[in-house]
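Participant: One structure coming up, written as structure tokens, with questions to follow.
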Amino acid sequence: MLDHLTLFLFSMLFIHSIIGYGIIFLKITNKEMLSLNIGYIGITGFFFISLISIFSSFFFAHNYSHNLILHGIGIISFLAFIDYKKRFYELKLLWLLILILWIGIYAYKNHDDFPYYHLTYALNLSENSFTVGTGHFSHGFRTFSSLFFFHSILYMPFIEFYLFHSGPFYILIFFNLIIIFELLKNYNNKKIYLLYFFSILSLLFINIAFYRIAEHGTDRSAQILLILIFILFFDISYIQMKKKEILLKTILLIILIFLSSSMKVIYYLYLLLIPFIFFKKKLFQEFLVKKNILIIFFVSISFFLNLTVNYLNTGCFLYPAEKTCVYQQDWSIKKKEVKRMSLHYEWWSKAGGGPGYVSEIEPEEYVKSFNWVKNWIERHFFNKVSDTLSGIIFISVFVTLIFKFFSQLKTKINRRIFLGYLIPLSFLLEWFLNHPSMRYGGYVLFAIPIFLFTAQLIEKYKISKKALNNLTIFFIFLSFISYNTRNIIRIDKEASIYNYNVFKSPYFFVKKTNVIKIKEYDDYTIYSTKNGGMCWATKTPCSYNRNIDVKNFLWMNMIYLNDE
């Protein structure tokens with residue numbers, strides 16, 4: 001029972017610290033944005049504290065001392081600056097949501113990449129300051145994500161590394177808060193339009209489909225943010241509002257894009273939405289003013305740090321994009337290896353190989369033209385894409401029929417949002433042609449146009465205020481019931497397969513590994529597993545490659561290949 005209490009109290013501490021950093025960030029950059037609901041403040045706090053964690057890693061290990069100070073500042077900020085009288089309702093909902101969704105934090109088995117590099121990557125940052133050239137440890141260490149840095153600052157006494165899977169849980173909490181408060185605000189202001197229904201559909205989809213926190217990795221949290229990105233984009237593009245409100249929502253949209261991109265670099269692609277808004281809403285002059293200079297500064301720092309970490313890990317600014325690589329550095333991944341991995345990622349995303357199968361076509365030929373499509377349809381469309389599409393369509397039909405049943409008549413609303421379909425469908429086409437794996441945005445990119453179409457249909461129904469209120473509450477609670485039911489079934493399954501006694505211990509499984517020292521340099525020691533297995537939570541840094549060496553680089557240690 002003590003372990004359960006420890007897990008809960010530290011989770012509460014962290015989420016309030018994140019909100020505290022959101023308050024600090026908005027006080028520094030744009031005080032007008034403090035009027036946002038606490039969900040958006042939490043998201044900006046997640047962005048800011050992740051940025052701090054990346055920057056501080058160059059100088060300090062994220063050990064107990066560092067993290068106690070860091071979160072101490074966040075908690076003090078929360079306690080000192082939160083307006084309890086104004087925010088009490090929001091805080092009550094925050095605490096209630098944590099309790100409602102809490103079951104998702106329990107997991108025995110994390111996703112397959114977790115023991116391979118997610119856990120040891122974050123643990124390495126907790127026990128060592130930033131090391132140049134860690135891409136030589138394994139290919140997993142070459143794929144930068146701010147979530148690894150965020151998880152490293154959750155390393156605390158008593159709890160140790162057992163919340164290193166919880167970043168997606170906080171994103172899920174803030175997402176739910178944002179959607180619920182926006183629904184409440186629009187309902188009270190009588191702004192019932194297609195985005196109201198789009199938000200209900202999105203809430204159902206995320207809570208039902210993304211219920212398994214331990215399986216999120218670095219991918220699904222970014223996709224949750226992508227839903228918010230498009231909600232803001234549609235809101236700015238098609239709903240009449242004052243220029244001041246448009247500007248604040250555009251700033252928020254930019255922060256969300258940079259946060260999602262720091263988790264998965266592919267989401268920088270959605271920066272293309274910003275020029276469209278600037279052009280359509282004529283925001284260039286309003287945005288490029290003195291009071292927004294700090295926002296521009298922080299998102300630029302985020303972009304710079306993301307490229308810098310990539311470069312110092314691999315020699316490539318955007319690994320494994322060959323044109324962004326500098327091969328002359330001592331720590332650089334060799335050109336032949338970069339080309340091999342670039343081909344591998346494309347081949348894998350196009351279903352060239354997976355558990356139990358490998359295409360007979362050579363990878364170089366497989367990815368050309370549309371040689372891969374037939375196999376992709378057989379191996380990936382059925383059943384990953386088709387199952388997701390079935391779920392999206394079922395949610396859409398179910399919600400539409402419920403609203404139709406309680407509607408009084410049909411209105412003559414005929415909202416023209418051609419670009420609202422064209423833009424997400426363009427991103428979906430780009431996804432299909434270049435990296436058609438569901439983990440690279442597919443879940444959300446399929447959902448957005450279908451939910452938009454569904455929301456347009458529902459918008460045409462005339463629904464009484466009382467019925468709308470009751471149905472909104474019904475769908476919110478239905479999403480929570482589905483989320484909890486699926487998690488209860490998951491935990492029961494884990495209990496039967498892995499002998500997981502969740503009442504005895506709330507912590508995820510960590511395999512004990514035998515380690516050996518493979519390199520010592522001053523007070524810096526590199527380890528590896530004795531039997532060649534996964535590193536798990538062994539002493540760090542843990543490398544899968546033993547043909548490496550260490551030397552100084554500026555004030556840091558640098559890993560390079562030992563060709564001798």
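Quick note on naming: the chains in the structure tokens go A, B, ... in the order shown, residues restart at 1 in each chain, and ligands are numbered from 1 in order of appearance.
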Write out, as JSON lines, each residue of stretch 476-546 of chain A that has an atom at most 7 Å from stretch 196-212 of chain A, together with the closest pair of atoms and their distance in Å to one decimal, counting only C-alpha atoms, rows going by chain and rising number.
Facilitator:
```
{"residue": "A:Ser479", "atom": "CA", "partner": "A:Leu204", "partner_atom": "CA", "distance": 4.9}
{"residue": "A:Phe480", "atom": "CA", "partner": "A:Asn207", "partner_atom": "CA", "distance": 6.9}
{"residue": "A:Ser482", "atom": "CA", "partner": "A:Ile208", "partner_atom": "CA", "distance": 5.8}
{"residue": "A:Tyr483", "atom": "CA", "partner": "A:Ile208", "partner_atom": "CA", "distance": 5.3}
{"residue": "A:Asn487", "atom": "CA", "partner": "A:Tyr211", "partner_atom": "CA", "distance": 6.8}
```
Participant: What's around stretch 75-90 of chain A at 12 Å? Count only C-alpha atoms, leave out sequence neighbours fewer than 6 positions away in its own chain, and write the answer as an MDAnalysis selection string.
Facilitator: chainID A and resid 10 12:27 34:42 45 67:69 96:97 174 176:178 180:182 184
Participant: If we count only C-alpha atoms, what is near A:Gly140 at a cut-off of 9 Å, once residues fewer than 5 positions away on the same chain are taken out, given as a PyMOL selection string?
Facilitator: chain A and resi 113+116-118+121+135
Participant: From a backbone DSSP assignment, name each residue in stretch 419-559 of chain A labelled strand (DSSP E or B), as a ChimeraX atom specification.
Facilitator: /A:461-462,515-521,524-529,542,548-553,556-559
Participant: Mind checking DSSP for stretch 227-460 of chain A and telling me the helix (DSSP H, G or I) residues as number ranges by chain?
Facilitator: A: 227-238, 243-263, 265-281, 284-287, 290-314, 322-324, 335-349, 363-366, 373-405, 418-434, 438-440, 442-459
Participant: Can you tell me, as a ChimeraX atom specification, what residues are no more than 8 Å from stretch 341-347 of chain A when counting only C-alpha atoms, ignoring any on the same chain fewer than 5 positions away?
Facilitator: /A:320-322,352-353,363-364,366-367,434-435
